[in-house]
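Novice: As input, take input14.cif (mmCIF, C-alpha atoms and all ligand atoms):
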data_query
loop_
_atom_site.label_atom_id
_atom_site.label_comp_id
_atom_site.auth_asym_id
_atom_site.auth_seq_id
_atom_site.Cartn_x
_atom_site.Cartn_y
_atom_site.Cartn_z
CA MET H 1130 25.61 12.29 21.97
CA LYS H 1131 22.71 10.71 20.15
CA THR H 1132 23.65 9.84 16.59
CA CYS H 1133 20.43 8.50 15.21
CA ALA H 1134 17.06 10.20 15.29
CA GLU H 1135 14.69 8.14 17.39
CA LEU H 1136 10.98 8.39 16.84
CA GLN H 1137 8.92 9.29 19.91
CA LYS H 1138 5.14 9.53 20.16
CA ASN H 1139 2.84 11.98 21.95
CA VAL H 1140 5.54 14.29 23.20
CA GLY H 1141 4.51 17.35 25.25
CA LEU H 1142 5.62 20.64 23.73
CA THR H 1143 4.79 23.01 26.59
CA GLU H 1144 8.43 23.27 27.68
CA LEU H 1145 9.54 23.55 24.06
CA ASN H 1146 7.78 26.83 23.27
CA THR H 1147 8.57 30.06 25.07
CA LEU H 1148 4.88 31.04 25.32
CA ARG H 1149 4.51 27.85 27.39
CA VAL H 1150 1.19 26.98 25.82
CA SER H 1151 0.20 23.39 26.14
CA ALA H 1152 0.41 21.24 22.99
CA THR H 1153 1.45 17.72 22.05
CA ALA H 1154 3.36 16.41 19.05
CA ARG H 1155 1.91 13.18 17.73
CA TYR H 1156 5.40 12.24 16.50
CA TYR H 1157 8.72 13.73 17.52
CA MET H 1158 12.42 13.34 16.66
CA ASP H 1159 15.54 15.10 17.93
CA VAL H 1160 17.96 15.66 15.05
CA VAL H 1161 21.68 16.30 15.55
CA SER H 1162 22.98 15.86 11.98
CA LEU H 1163 22.03 16.19 8.35
CA ASP H 1164 21.66 12.40 8.20
CA ASP H 1165 19.16 12.61 11.06
CA VAL H 1166 17.22 15.24 9.14
CA ARG H 1167 17.10 13.00 6.08
CA ARG H 1168 15.95 10.06 8.21
CA ALA H 1169 13.21 12.15 9.80
CA LEU H 1170 11.97 13.40 6.43
CA ALA H 1171 12.02 9.91 4.94
CA TRP H 1172 9.93 8.64 7.84
CA ALA H 1173 7.45 11.50 7.49
CA GLU H 1174 7.11 10.90 3.76
CA LYS H 1175 6.62 7.17 4.17
CA ASN H 1176 3.98 7.71 6.83
CA GLU H 1177 2.40 10.66 5.03
CA VAL H 1178 2.55 13.09 7.92
CA ARG H 1179 3.30 16.81 7.97
CA THR H 1180 6.52 18.07 9.51
CA LEU H 1181 7.43 21.00 11.69
CA VAL H 1182 11.03 22.02 12.36
CA LEU H 1183 11.31 23.34 15.88
CA GLY H 1184 14.27 25.35 17.18
CA SER H 1185 13.71 26.76 20.63
CA GLY H 1186 10.07 27.61 19.96
CA SER H 1187 10.54 31.31 20.58
CA ASN H 1188 8.68 32.60 17.54
CA LEU H 1189 5.62 30.43 17.18
CA VAL H 1190 2.21 29.92 18.72
CA PHE H 1191 0.74 26.46 19.06
CA ALA H 1192 -2.95 26.89 18.31
CA GLY H 1193 -3.42 23.26 19.38
CA ASP H 1194 -1.73 19.87 19.10
CA PHE H 1195 0.51 19.06 16.13
CA SER H 1196 -0.68 15.92 14.39
CA GLY H 1197 2.49 15.36 12.33
CA LEU H 1198 6.21 14.95 13.07
CA VAL H 1199 8.05 17.61 15.06
CA ILE H 1200 11.72 17.67 14.05
CA ARG H 1201 13.67 19.29 16.88
CA MET H 1202 16.72 20.92 15.37
CA GLN H 1203 19.79 20.29 17.50
CA ILE H 1204 22.66 20.35 15.01
CA ALA H 1205 25.61 21.72 16.99
CA ALA H 1206 28.66 23.34 15.38
CA ARG H 1207 30.63 26.51 16.01
CA HIS H 1208 33.89 27.32 14.27
CA TRP H 1209 35.75 30.04 12.40
CA GLU H 1210 36.68 30.11 8.72
CA GLN H 1211 38.61 32.59 6.58
CA VAL H 1212 40.28 34.30 9.51
CA ASP H 1213 42.39 37.29 8.43
CA ASP H 1214 43.54 40.59 9.89
CA THR H 1215 40.22 42.30 9.26
CA GLY H 1216 37.70 39.65 10.25
CA ALA H 1217 36.52 36.07 10.24
CA THR H 1218 33.58 33.96 9.17
CA LEU H 1219 31.61 32.34 11.98
CA VAL H 1220 29.99 29.02 11.07
CA LEU H 1221 27.05 27.98 13.26
CA GLY H 1222 25.06 24.76 13.27
CA ALA H 1223 21.31 25.39 13.11
CA GLY H 1224 20.75 24.12 16.64
CA GLU H 1225 23.21 26.51 18.31
CA SER H 1226 21.80 29.08 20.72
CA TRP H 1227 21.80 32.47 19.01
CA HIS H 1228 22.60 34.43 22.15
CA GLU H 1229 25.52 32.13 23.08
CA ALA H 1230 26.89 32.67 19.57
CA VAL H 1231 26.66 36.45 20.00
CA LEU H 1232 28.57 36.29 23.28
CA TYR H 1233 31.17 33.99 21.72
CA ALA H 1234 31.71 36.34 18.76
CA ALA H 1235 31.78 39.48 20.88
CA GLY H 1236 34.03 37.83 23.46
CA SER H 1237 36.45 36.99 20.65
CA GLY H 1238 36.53 40.67 19.63
CA TYR H 1239 34.49 40.35 16.43
CA ARG H 1240 31.93 43.00 15.55
CA GLY H 1241 28.67 42.63 13.64
CA ILE H 1242 26.08 40.84 15.78
CA GLU H 1243 26.56 42.38 19.24
CA ASN H 1244 23.33 44.43 18.90
CA LEU H 1245 21.46 41.16 18.49
CA ALA H 1246 22.38 39.91 21.99
CA LEU H 1247 19.72 38.19 24.07
CA ILE H 1248 17.37 37.50 21.16
CA PRO H 1249 15.93 34.11 22.06
CA GLY H 1250 16.11 31.29 19.54
CA THR H 1251 18.51 29.19 17.54
CA ALA H 1252 21.00 30.14 14.84
CA GLY H 1253 19.00 28.16 12.29
CA ALA H 1254 15.84 30.16 13.01
CA ALA H 1255 17.62 33.52 12.83
CA PRO H 1256 17.52 33.87 9.01
CA VAL H 1257 13.87 32.83 8.77
CA GLN H 1258 12.60 36.11 10.15
CA ASN H 1259 15.85 38.00 9.62
CA ILE H 1260 16.14 38.85 13.30
CA GLY H 1261 16.86 42.47 14.04
CA ALA H 1262 17.30 44.87 16.93
CA TYR H 1263 18.95 48.20 17.80
CA GLY H 1264 19.66 49.16 14.21
CA VAL H 1265 21.15 45.84 13.07
CA GLU H 1266 19.63 42.92 11.17
CA LEU H 1267 21.01 39.44 10.63
CA CYS H 1268 21.22 40.11 6.88
CA ASP H 1269 23.91 42.74 7.55
CA THR H 1270 26.45 39.99 8.32
CA LEU H 1271 25.00 36.82 6.86
CA VAL H 1272 27.13 35.30 4.10
CA SER H 1273 25.20 32.12 3.37
CA VAL H 1274 22.68 29.59 4.59
CA THR H 1275 23.10 25.87 4.08
CA ALA H 1276 19.79 24.06 3.87
CA LEU H 1277 18.16 20.90 2.70
CA ASP H 1278 15.88 21.94 -0.15
CA ARG H 1279 12.92 19.57 -0.02
CA LYS H 1280 11.72 20.57 -3.46
CA LEU H 1281 15.04 19.79 -5.17
CA ASN H 1282 15.86 17.07 -2.63
CA GLU H 1283 19.41 18.33 -2.26
CA VAL H 1284 21.59 20.37 0.04
CA VAL H 1285 21.86 23.94 -1.20
CA CYS H 1286 24.04 26.87 -0.15
CA LEU H 1287 22.17 30.13 -0.60
CA ASP H 1288 24.08 33.39 -0.54
CA ASN H 1289 22.79 36.56 1.08
CA ALA H 1290 20.99 37.82 -2.05
CA GLN H 1291 19.36 34.44 -2.67
CA CYS H 1292 17.91 34.50 0.85
CA GLY H 1293 15.69 37.45 -0.21
CA PHE H 1294 15.90 39.24 3.11
CA ALA H 1295 13.58 42.07 4.09
CA TYR H 1296 12.35 43.45 7.41
CA ARG H 1297 11.42 40.36 9.50
CA ASP H 1298 11.12 38.41 6.25
CA SER H 1299 13.09 36.04 4.01
CA LEU H 1300 12.81 33.42 1.30
CA PHE H 1301 12.51 30.83 4.09
CA LYS H 1302 9.48 32.54 5.57
CA ARG H 1303 7.89 32.95 2.15
CA SER H 1304 8.37 29.27 1.22
CA PRO H 1305 7.22 27.49 4.37
CA GLY H 1306 8.36 23.87 4.63
CA ARG H 1307 10.67 23.98 1.62
CA TYR H 1308 14.03 24.58 3.32
CA ILE H 1309 15.45 22.95 6.41
CA ILE H 1310 18.33 25.14 7.50
CA THR H 1311 21.30 23.19 8.84
CA GLU H 1312 24.07 25.79 9.04
CA ILE H 1313 24.65 29.53 8.69
CA ARG H 1314 27.77 31.60 7.95
CA LEU H 1315 28.32 35.14 9.19
CA ARG H 1316 31.12 37.51 8.19
CA LEU H 1317 32.27 39.37 11.28
CA SER H 1318 34.78 42.14 11.46
CA ARG H 1319 37.50 43.50 13.69
CA GLU H 1320 37.18 46.96 12.13
CA LYS H 1321 33.59 47.63 11.11
CA PRO H 1322 32.09 50.61 12.99
CA LEU H 1323 29.93 49.73 15.98
CA GLN H 1324 26.24 50.53 15.41
CA LEU H 1325 25.48 52.83 18.31
CA GLY H 1326 22.89 55.13 16.73
CA TYR H 1327 19.66 53.56 18.08
CA LYS H 1328 18.01 55.91 20.58
CA ASP H 1329 17.88 53.40 23.44
CA LEU H 1330 21.59 52.62 23.05
CA GLN H 1331 22.55 56.28 22.90
CA GLU H 1332 20.56 56.95 26.06
CA TYR H 1333 21.96 53.94 27.89
CA LEU H 1334 25.60 54.55 26.97
CA GLY H 1335 25.39 58.32 27.51
CA GLU H 1336 28.82 59.91 27.52
CA THR H 1337 30.56 56.56 27.12
CA VAL H 1338 29.32 56.28 23.48
CA SER H 1339 32.45 55.76 21.42
CA GLN H 1340 33.86 53.65 18.63
CA ASP H 1341 36.53 52.61 21.13
CA LEU H 1342 34.02 50.65 23.19
CA ASP H 1343 34.76 46.98 23.62
CA VAL H 1344 32.40 44.92 21.47
CA LEU H 1345 31.39 42.86 24.51
CA ALA H 1346 30.49 46.08 26.35
CA VAL H 1347 28.05 46.88 23.53
CA ALA H 1348 26.50 43.42 23.79
CA GLU H 1349 26.18 43.93 27.55
CA ALA H 1350 24.50 47.32 27.04
CA VAL H 1351 21.99 45.72 24.66
CA MET H 1352 21.34 42.98 27.22
CA ALA H 1353 20.73 45.53 29.96
CA ILE H 1354 18.32 47.51 27.75
CA ARG H 1355 16.43 44.38 26.77
CA ARG H 1356 16.21 43.20 30.38
CA ARG H 1357 14.75 46.56 31.36
CA LYS H 1358 12.11 46.61 28.64
CA LEU H 1359 11.36 43.06 27.58
CA PRO H 1360 10.18 40.16 29.73
CA ASP H 1361 12.56 37.20 30.12
CA PRO H 1362 10.73 34.27 28.47
CA ASP H 1363 12.14 31.90 31.10
CA ILE H 1364 10.21 33.82 33.74
CA ILE H 1365 7.28 35.42 31.89
CA PRO H 1366 6.30 33.30 28.87
CA ASN H 1367 6.30 35.33 25.61
CA VAL H 1368 7.51 35.29 22.01
CA GLY H 1369 8.98 38.80 21.80
CA SER H 1370 7.27 41.23 19.44
CA PHE H 1371 3.91 39.75 18.54
CA PHE H 1372 3.36 42.08 15.58
CA LYS H 1373 5.62 43.54 12.93
CA ASN H 1374 5.99 47.28 12.70
CA PRO H 1375 3.58 48.08 9.83
CA VAL H 1376 4.87 49.85 6.76
CA VAL H 1377 2.51 52.46 5.28
CA SER H 1378 2.67 54.90 2.39
CA ALA H 1379 3.91 58.45 2.94
CA GLU H 1380 0.34 59.67 2.20
CA GLN H 1381 -1.20 57.41 4.82
CA PHE H 1382 1.42 58.59 7.31
CA SER H 1383 0.56 62.24 6.59
CA ARG H 1384 -3.12 61.51 7.16
CA LEU H 1385 -2.30 59.75 10.44
CA GLN H 1386 -0.06 62.60 11.54
CA ALA H 1387 -2.79 65.14 10.86
CA GLU H 1388 -5.09 63.30 13.26
CA HIS H 1389 -2.45 62.01 15.70
CA PRO H 1390 0.51 64.41 15.77
CA ASP H 1391 2.52 62.16 18.12
CA VAL H 1392 2.38 59.06 15.90
CA VAL H 1393 5.80 57.34 15.84
CA GLY H 1394 7.11 56.51 12.37
CA TYR H 1395 10.50 56.01 10.75
CA LEU H 1396 10.90 57.33 7.24
CA GLN H 1397 12.20 54.74 4.79
CA LYS H 1398 12.71 55.21 1.06
CA ASP H 1399 9.14 55.95 -0.09
CA THR H 1400 7.33 54.53 2.90
CA VAL H 1401 7.08 54.96 6.66
CA LYS H 1402 7.52 52.19 9.21
CA LEU H 1403 5.14 52.79 12.11
CA ALA H 1404 5.88 51.75 15.70
CA ALA H 1405 3.25 49.08 16.29
CA ALA H 1406 3.96 49.35 20.03
CA TRP H 1407 2.87 52.99 19.97
CA LEU H 1408 -0.38 52.18 18.11
CA ILE H 1409 -1.21 49.37 20.56
CA ASP H 1410 -0.25 51.50 23.54
CA GLN H 1411 -2.52 54.33 22.36
CA CYS H 1412 -5.43 51.89 22.24
CA GLY H 1413 -4.89 51.31 25.95
CA TRP H 1414 -3.59 47.75 25.82
CA LYS H 1415 -0.27 48.14 27.61
CA GLY H 1416 -0.43 46.25 30.90
CA TYR H 1417 -3.86 44.77 30.09
CA ARG H 1418 -4.45 41.29 31.47
CA ASN H 1419 -7.32 38.86 31.67
CA ALA H 1420 -7.33 35.66 33.71
CA ARG H 1421 -4.69 33.97 31.57
CA VAL H 1422 -2.96 36.21 29.07
CA GLY H 1423 -2.07 39.87 28.67
CA VAL H 1424 0.12 42.61 27.26
CA HIS H 1425 3.48 43.43 28.83
CA ASN H 1426 3.46 46.58 30.95
CA ARG H 1427 6.71 47.98 29.52
CA GLN H 1428 6.43 47.03 25.83
CA ALA H 1429 2.99 46.92 24.25
CA LEU H 1430 4.24 44.74 21.36
CA VAL H 1431 4.77 41.76 23.64
CA LEU H 1432 1.91 39.47 24.58
CA ILE H 1433 2.39 37.27 27.61
CA ASN H 1434 0.99 34.08 28.98
CA HIS H 1435 0.46 34.84 32.65
CA SER H 1436 -1.22 31.76 33.86
CA GLY H 1437 -1.68 28.63 31.81
CA GLY H 1438 -3.20 30.35 28.78
CA ALA H 1439 -3.74 28.26 25.67
CA GLY H 1440 -2.52 29.28 22.24
CA GLN H 1441 -6.12 30.19 21.40
CA ASP H 1442 -6.28 32.63 24.34
CA VAL H 1443 -3.21 34.44 23.01
CA LEU H 1444 -4.58 34.46 19.46
CA GLU H 1445 -7.92 35.86 20.65
CA LEU H 1446 -6.15 38.67 22.46
CA ALA H 1447 -4.04 39.34 19.36
CA SER H 1448 -7.21 39.51 17.28
CA ASP H 1449 -8.83 42.01 19.69
CA ILE H 1450 -5.69 44.16 19.56
CA ARG H 1451 -5.62 44.09 15.75
CA GLN H 1452 -9.27 45.11 15.59
CA SER H 1453 -8.86 48.04 17.92
CA VAL H 1454 -5.78 49.32 16.08
CA LYS H 1455 -7.63 48.96 12.78
CA LYS H 1456 -10.64 50.83 14.14
CA ARG H 1457 -8.69 53.69 15.68
CA PHE H 1458 -5.88 54.15 13.11
CA ASP H 1459 -7.05 52.20 10.05
CA VAL H 1460 -3.75 50.28 10.13
CA ASP H 1461 -3.47 46.50 9.71
CA LEU H 1462 -1.13 44.75 12.10
CA GLU H 1463 0.57 41.61 10.86
CA MET H 1464 1.54 38.89 13.32
CA GLU H 1465 5.23 38.17 13.64
CA PRO H 1466 5.28 34.60 15.05
CA GLY H 1467 3.99 31.69 13.03
CA ILE H 1468 0.85 29.79 14.06
CA VAL H 1469 1.11 26.01 14.08
CA GLY H 1470 -0.99 23.05 15.16
CA GLY H 1471 -4.67 22.93 15.93
N1 LIG N 1 6.58 52.55 22.29
C1 LIG N 1 5.36 52.88 22.82
N2 LIG N 1 4.79 52.01 23.71
C2 LIG N 1 5.40 50.86 24.09
C3 LIG N 1 6.67 50.53 23.55
C4 LIG N 1 7.23 51.40 22.65
O1 LIG N 1 4.77 53.91 22.49
O2 LIG N 1 4.81 50.13 24.89
C5 LIG N 1 7.19 53.45 21.32
C6 LIG N 1 8.57 53.88 21.79
O3 LIG N 1 8.51 55.02 22.58
C7 LIG N 1 9.31 54.12 20.51
C8 LIG N 1 8.65 53.16 19.53
O4 LIG N 1 7.43 52.75 20.12
O5 LIG N 1 9.10 55.43 20.06
C9 LIG N 1 9.51 51.97 19.18
O6 LIG N 1 9.81 51.23 20.35
P1 LIG N 1 11.15 50.36 20.50
O7 LIG N 1 12.34 51.21 20.23
O8 LIG N 1 11.07 49.68 21.83
O9 LIG N 1 11.11 49.32 19.33
P2 LIG N 1 9.94 48.51 18.61
O10 LIG N 1 9.80 49.05 17.24
O11 LIG N 1 8.75 48.45 19.46
C10 LIG N 1 11.60 46.79 17.54
C11 LIG N 1 11.65 45.31 17.34
C12 LIG N 1 12.16 44.63 18.61
C13 LIG N 1 13.54 45.19 18.92
C14 LIG N 1 13.43 46.72 19.11
C15 LIG N 1 14.79 47.36 19.32
C16 LIG N 1 9.91 44.76 15.74
C17 LIG N 1 8.56 44.15 15.52
N3 LIG N 1 10.32 44.80 17.00
O12 LIG N 1 10.62 47.05 18.53
O13 LIG N 1 12.27 43.25 18.33
O14 LIG N 1 14.09 44.61 20.10
O15 LIG N 1 12.88 47.29 17.91
O16 LIG N 1 15.48 47.37 18.12
O17 LIG N 1 10.56 45.18 14.79
C18 LIG N 1 11.31 41.08 18.52
O18 LIG N 1 11.35 41.03 17.30
O19 LIG N 1 10.86 40.14 19.22
C19 LIG N 1 11.76 42.30 19.20
C20 LIG N 1 11.68 42.46 20.51
#
For this file, write the structure as structure tokens.
Specialist:
Amino acid sequence: MKTCAELQKNVGLTELNTLRVSATARYYMDVVSLDDVRRALAWAEKNEVRTLVLGSGSNLVFAGDFSGLVIRMQIAARHWEQVDDTGATLVLGAGESWHEAVLYAAGSGYRGIENLALIPGTAGAAPVQNIGAYGVELCDTLVSVTALDRKLNEVVCLDNAQCGFAYRDSLFKRSPGRYIITEIRLRLSREKPLQLGYKDLQEYLGETVSQDLDVLAVAEAVMAIRRRKLPDPDIIPNVGSFFKNPVVSAEQFSRLQAEHPDVVGYLQKDTVKLAAAWLIDQCGWKGYRNARVGVHNRQALVLINHSGGAGQDVLELASDIRQSVKKRFDVDLEMEPGIVGG
């Protein structure tokens, strides 16, 4: 195992982002420890270059080359704390694969993150956008995040409330560059009810839906549903949902419903979360493709890089989609992945 971050120059990033767009990092370091992170930051400061922490590159779009230092997060750690009859706390290093961690937890009989199986990315990236799927969000189990706070220049441990989680949002997303997450803690349970209410899960499990299901069987059901609907980034380059589901006022939803009776929305407290996929689908984008990029033919929220598309090609398509949704429904779509470089 490497113990000391080594500086590399002009490193290709195409294999390090799941959209497989071509980009180069002017400077690059693999980091496997907090000391490595400190070394990388000290180098960047001394040389006055920007930094970008990269996990598995599954939620960002390189609009071009990155002229600063890419810090590739590879801190590995996976162990249990506070194990008792009812549950246990899973500690994950930021560089751990999220999906592997889900299988590990579910395979050990612990409930809480099985609905988040097969979400690409690292454990350290999971809190940034508060990953969520099939009725569960990371914030439902997250106890704390350990991070290097670059503003205070110290290691901080932020509890769930301090992380300011919301739908696909967190303190980390709202303060870009400030925190470098090194470790997360999740409280998992042996007793908590399984979350089986999401329509797709109900349909898939059919008569087998039961609280007696093995937690690994639920993870496997989620994996099967995802494989049916979402493209595998290892085969068809993509970054999952490209847009967030937009939240609109109850009044705006009523107006939309009057014009489009089939509009898909989920009532929240005072607002309605619209299905962005439905809006995009209605504008005729599902399955669209040009020479290089397109929209997945089974989930209109997912943009794909068919054939050597550049980040700019994907961003242009995203812009066209946003405009047509705005024109037809007067709804603004917000991009989910971050844009970097260029
Ligand atoms: N729909 C369409 N056309 C489509 C796809 C979906 O009309 O092409 C409709 C469906 O019929 C359904 C509604 O849109 O009524 C919602 O679809 P779905 O249940 O597939 O979920 P989603 O809202 O599109 C969200 C997450 C996904 C997550 C699924 C399952 C966001 C932005 N996306 O998608 O997350 O897997 O729910 O929980 O919240 C990701 O973040 O990368 C991601 C894949």
Novice: In Å to one decimal, how far is atom P2 of ligand LIG 1 (chain N) from atom CA of H:Gln1428?
Specialist: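 Calculated distance between atom CA of H:Gln1428 and atom P2 of ligand LIG 1 (chain N) is 8.2 Å.
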Novice: Tell me which protein, DNA and RNA residues are within 6 Å of stretch 1309-1326 of chain H, counting all atoms listed in the file, leaving out same-chain ones fewer than 3 positions away, and put them as a ChimeraX atom specification.
Specialist: /H:1215-1223,1239-1241,1253,1270-1277
Novice: Kindly provide, as a PyMOL selection string, the polymer residues lying within 12 Å of (14.8, 14.3, -4.1), counting all atoms listed in the file and using the coordinates exactly as they appear in the file.
Specialist: chain H and resi 1167+1170-1171+1174+1277-1284+1307
Novice: Write out, as an mmCIF file, keeping the file's coordinate frame, the residues just selected, with C-alpha atoms.
Specialist:
data_model
loop_
_atom_site.group_PDB
_atom_site.id
_atom_site.type_symbol
_atom_site.label_atom_id
_atom_site.label_comp_id
_atom_site.auth_asym_id
_atom_site.auth_seq_id
_atom_site.Cartn_x
_atom_site.Cartn_y
_atom_site.Cartn_z
ATOM 1 C CA ARG H 1167 17.100 13.000 6.080
ATOM 2 C CA LEU H 1170 11.970 13.400 6.430
ATOM 3 C CA ALA H 1171 12.020 9.910 4.940
ATOM 4 C CA GLU H 1174 7.110 10.900 3.760
ATOM 5 C CA LEU H 1277 18.160 20.900 2.700
ATOM 6 C CA ASP H 1278 15.880 21.940 -0.150
ATOM 7 C CA ARG H 1279 12.920 19.570 -0.020
ATOM 8 C CA LYS H 1280 11.720 20.570 -3.460
ATOM 9 C CA LEU H 1281 15.040 19.790 -5.170
ATOM 10 C CA ASN H 1282 15.860 17.070 -2.630
ATOM 11 C CA GLU H 1283 19.410 18.330 -2.260
ATOM 12 C CA VAL H 1284 21.590 20.370 0.040
ATOM 13 C CA ARG H 1307 10.670 23.980 1.620
#
Novice: Please report as CSV every residue of chain H lying within 9 Å of ligand LIG 1 (chain N), along with the nearest atom pair and their distance in Å (one decimal), using all atoms listed in the file.
Specialist:
residue,atom,partner,partner_atom,distance
H:Ser1187,CA,N:LIG1,O19,8.9
H:Asn1188,CA,N:LIG1,O19,8.0
H:Asn1244,CA,N:LIG1,O16,8.4
H:Leu1245,CA,N:LIG1,O14,8.3
H:Ile1248,CA,N:LIG1,O19,7.3
H:Pro1249,CA,N:LIG1,O19,8.4
H:Gln1258,CA,N:LIG1,O18,8.8
H:Ile1260,CA,N:LIG1,O18,6.6
H:Gly1261,CA,N:LIG1,O13,6.3
H:Ala1262,CA,N:LIG1,O16,3.3
H:Tyr1263,CA,N:LIG1,O16,3.6
H:Gly1264,CA,N:LIG1,O16,6.0
H:Val1265,CA,N:LIG1,O16,7.7
H:Tyr1296,CA,N:LIG1,O17,7.8
H:Arg1297,CA,N:LIG1,O17,7.2
H:Tyr1327,CA,N:LIG1,O16,7.5
H:Lys1328,CA,N:LIG1,O7,7.4
H:Asp1329,CA,N:LIG1,O7,6.8
H:Arg1355,CA,N:LIG1,O14,7.1
H:Lys1358,CA,N:LIG1,O8,7.5
H:Leu1359,CA,N:LIG1,C20,7.1
H:Val1368,CA,N:LIG1,O19,6.5
H:Gly1369,CA,N:LIG1,O19,3.5
H:Ser1370,CA,N:LIG1,O19,3.8
H:Phe1371,CA,N:LIG1,O19,7.0
H:Phe1372,CA,N:LIG1,C17,5.6
H:Lys1373,CA,N:LIG1,C17,4.0
H:Asn1374,CA,N:LIG1,C17,4.9
H:Pro1375,CA,N:LIG1,C17,8.5
H:Val1392,CA,N:LIG1,O5,8.7
H:Val1393,CA,N:LIG1,O5,5.7
H:Gly1394,CA,N:LIG1,O5,8.0
H:Lys1402,CA,N:LIG1,O10,8.9
H:Leu1403,CA,N:LIG1,O10,7.9
H:Ala1404,CA,N:LIG1,O4,4.8
H:Ala1405,CA,N:LIG1,O11,6.4
H:Ala1406,CA,N:LIG1,C2,4.6
H:Trp1407,CA,N:LIG1,O1,3.3
H:Leu1408,CA,N:LIG1,O1,7.0
H:Ile1409,CA,N:LIG1,N2,7.3
H:Asp1410,CA,N:LIG1,N2,5.1
H:Gln1411,CA,N:LIG1,O1,7.3
H:Trp1414,CA,N:LIG1,O2,8.8
H:Lys1415,CA,N:LIG1,O2,6.1
H:Gly1416,CA,N:LIG1,O2,8.9
H:His1425,CA,N:LIG1,O2,7.9
H:Asn1426,CA,N:LIG1,O2,7.2
H:Arg1427,CA,N:LIG1,O2,5.4
H:Gln1428,CA,N:LIG1,O2,3.6
H:Ala1429,CA,N:LIG1,O2,3.7
H:Leu1430,CA,N:LIG1,O11,6.1
H:Val1431,CA,N:LIG1,C20,7.6
H:Glu1465,CA,N:LIG1,C17,7.1
H:Pro1466,CA,N:LIG1,O19,8.9
Novice: Can you measure atom CA of H:Gly1238 to atom CA of H:Val1344 for me? One decimal in Å is fine.
Specialist: 6.2 Å
Novice: Set the distance at 8 Å and use all atoms listed in the file: which residues neighbour H:Ser1299 once local chain neighbours fewer than 5 positions away are removed? I'd like the list as a list in words.
Specialist: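 So the residues in contact are Pro1256, Val1257, Gln1258, Asn1259, Cys1292, Gly1293 and Phe1294 of chain H.
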Novice: Tell me which of H:Gly1184, H:Gly1438, H:Gly1197, H:Gly1141 sits closest to H:Ala1254, counting only C-alpha atoms.
Specialist: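 Of all the options, H:Gly1184 lies closest to H:Ala1254.
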Novice: Quote the spacing between atom CA of H:Leu1267 and atom CA of H:Leu1142 in Å to one decimal place.
Specialist: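 Atom CA of H:Leu1142 lies 27.6 Å from atom CA of H:Leu1267.
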Novice: Determine the nearest neighbour of H:Val1376 from the options H:Ala1295, H:Val1443, H:Asn1434, H:Val1424, counting only C-alpha atoms.
Specialist: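 When distances to H:Val1376 are compared using only C-alpha atoms, the smallest one comes from H:Ala1295.
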Novice: For the point (-3.1, 52.8, 4.2) in the file's frame, write as a PyMOL selection string all residues with an atom no more than 9 Å away, counting all atoms listed in the file.
Specialist: chain H and resi 1376-1378+1380-1382+1459-1461
Novice: Kindly indicate which residue among H:Asp1399, H:Asp1298, H:Glu1445, H:Glu1144 lies nearest to H:Asn1419, using all atoms listed in the file for the distances.
Specialist: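 Going through H:Asp1399, H:Asp1298, H:Glu1445, H:Glu1144 one by one, the smallest distance to H:Asn1419 is for H:Glu1445.
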Novice: Compare H:Ser1453, H:Ala1346, H:Gly1470, H:Pro1390 by their minimum atom-to-atom distance to H:Leu1232, counting only C-alpha atoms, and give me the closest one.
Specialist: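 The closest residue to H:Leu1232 is H:Ala1346.
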